[in-house]
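S.K.: To start, I am sharing the structure in question, which I have written as structure tokens.
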Amino acid sequence: MPELQRLRPDHAPALLAFERENRAYFAASVPDRGDDYFTHFEARHAALLAEQAAGTCHFHVLVSTDPNAHGEILGRFNLVDAADGSAELGYRVAEKATGRGLATTTIRHLCTLAAEQYGLTTLRAATTLDNPASRAVLTRTGFTPAGEELLLDGRPGLGYVRTRCSTASPAWHTASPPNASTTCAR
């Protein structure tokens with residue numbers, strides 16, 4: 001099973017490879033990062049680490065534990081704009097790793113980290129209406145439609161929210177068994 005790791009400086013080469021290898025795949029369902037992202041990747045990575053050190057964001061990578069994969073990154077799972085007990089969830093999973101339940105399992109784990117390590121009580125997410133895989137992952141992991149329709153890169157989308165269960169149960173709400181796929185992210 002892959003391991004969720006907090007983003008570190010030494011993840012940079014594998015993360016850049018992940019983004020390059022999956023660029024066209026991601027661009028089919030989320031806005032493309034643009035050439036500038038790849039040209040200035042090193043500076044962007046340093047900026048993300050600075051945001052994380054400041055506590056305003058929590059970046060994670062899903063790393064393969066296969067000894068032959070040499071630390072290959074299979075996904076990104078981020079909690080951005082953390083403030084007042086709330087953050088925005090963004091995620092993307094490599095095309096070759098979809099359909100195995102990794103997004104669902106990892107988001108459930110990340111929700112536990114959000115509550116127990118980062119003190120977050122509310123997570124928000126958004127996806128386009130034409131991305132049924134992402135909508136299914138969010139639903140499986142306890143997110144509910146927030147009711148507002150959005151425009152995401154000119155495409156109709158929907159916001160989602162996930163809050164703690166009742167005060168009688170401090171655990172995060174979880175839904176059905178895993179079997180998911182793809183994307184979002186910062």
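Each chain in the structure tokens gets a letter, A, B, ..., in the order shown, and its residues are numbered from 1; ligands are numbered from 1 in order too.
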May I have the residues within 10 Å of A:Ala97 as an MDAnalysis selection string, using only C-alpha atoms and disregarding those fewer than 3 positions away in the same chain?
M.R.: chainID A and resid 73:75 93:94 100:103 181:182
S.K.: Which of stretch 1-151 of chain A counts as strand (DSSP E) under DSSP, as an MDAnalysis selection string please?
M.R.: chainID A and resid 3:6 58:63 73:83 86:93 122:128 144:151
S.K.: Need to verify the contact set: stretch 11-16 of chain A, 8 Å, only C-alpha atoms, exclusion of same-chain residues closer than 2 positions in sequence. Can you return it as an MDAnalysis selection string?
M.R.: chainID A and resid 7:9 18:20 38 41:42 45 71:73
S.K.: Between A:Gly90, A:Gly159, A:Gly99, A:Pro31, single out the one closest to A:Phe143, counting only C-alpha atoms.
M.R.: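 Ranked by minimum distance to A:Phe143, first place goes to A:Gly159.
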S.K.: Considering only C-alpha atoms, return as an MDAnalysis selection string whatever protein or nucleic-acid residues lie within 12 Å of A:Cys111, sequence-local ones (same chain, fewer than 6 positions apart) excluded.
M.R.: chainID A and resid 58 77:79 86:89 103:105 117:124 138 141:143 161:164 171:174
S.K.: Go ahead and save the residues from that selection, with C-alpha atoms, as a compact mmCIF listing (two decimals), in the first residue's frame.
M.R.:
# COMPACT_ATOMS: atom_id res chain seq x y z
CA HIS A 58 -0.52 21.13 4.48
CA PHE A 77 -3.33 15.51 -1.48
CA ASN A 78 -3.35 19.06 -0.18
CA LEU A 79 -5.11 21.08 2.48
CA SER A 86 -11.18 25.15 7.92
CA ALA A 87 -9.21 24.30 4.75
CA GLU A 88 -9.70 23.52 1.08
CA LEU A 89 -8.95 19.96 -0.09
CA ALA A 103 -8.05 8.50 -3.63
CA THR A 104 -10.84 7.34 -1.33
CA THR A 105 -8.53 5.63 1.15
CA GLN A 117 -2.81 16.94 13.69
CA TYR A 118 -3.93 20.18 12.08
CA GLY A 119 -6.98 21.02 14.23
CA LEU A 120 -9.30 21.36 11.24
CA THR A 121 -13.03 20.82 11.67
CA THR A 122 -14.29 21.72 8.20
CA LEU A 123 -12.95 20.81 4.79
CA ARG A 124 -14.18 22.24 1.50
CA LEU A 138 -15.88 13.21 -2.44
CA THR A 141 -15.41 10.21 1.83
CA GLY A 142 -18.23 12.06 3.56
CA PHE A 143 -18.33 15.33 1.62
CA VAL A 161 -18.10 20.40 2.42
CA ARG A 162 -17.24 17.95 5.15
CA THR A 163 -17.58 18.71 8.84
CA ARG A 164 -17.02 16.73 12.00
CA ALA A 171 -14.39 11.09 14.53
CA TRP A 172 -14.72 12.40 11.01
CA HIS A 173 -17.67 11.03 9.07
CA THR A 174 -16.80 8.34 6.56
S.K.: What does the distance from atom CA of A:Thr112 to atom CA of A:Arg135 come to in Å, to one decimal?
M.R.: 20.0 Å
S.K.: Between atom CA of A:Ala17 and atom CA of A:Thr106, what is the distance, to one decimal in Å?
M.R.: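 Separation of atom CA of A:Ala17 and atom CA of A:Thr106: 20.6 Å.
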S.K.: Find, counting only C-alpha atoms, the residue in A:Arg108, A:Asn68, A:Ala54, A:Gly154 that gets nearest to A:Ala82.
M.R.: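 Closest to A:Ala82, using only C-alpha atoms: A:Ala54.
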S.K.: Between A:Ile107, A:Leu158, A:Met1, A:Leu49, which residue has the minimum interatomic distance to A:Pro67, considering only C-alpha atoms?
M.R.: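 Result for the nearest residue to A:Pro67: A:Met1.
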S.K.: Provide the atom CA of A:Leu129 to atom CA of A:Arg155 distance in Å, to one decimal place.
M.R.: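 Value for the atom CA of A:Leu129-atom CA of A:Arg155 distance: 7.9 Å.
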S.K.: Return as a ChimeraX atom specification the full set of residues in chain A whose backbone-based DSSP assignment is helix (DSSP H, G or I).
M.R.: /A:9-21,23-27,35-39,41-54,95-97,102-116,132-140
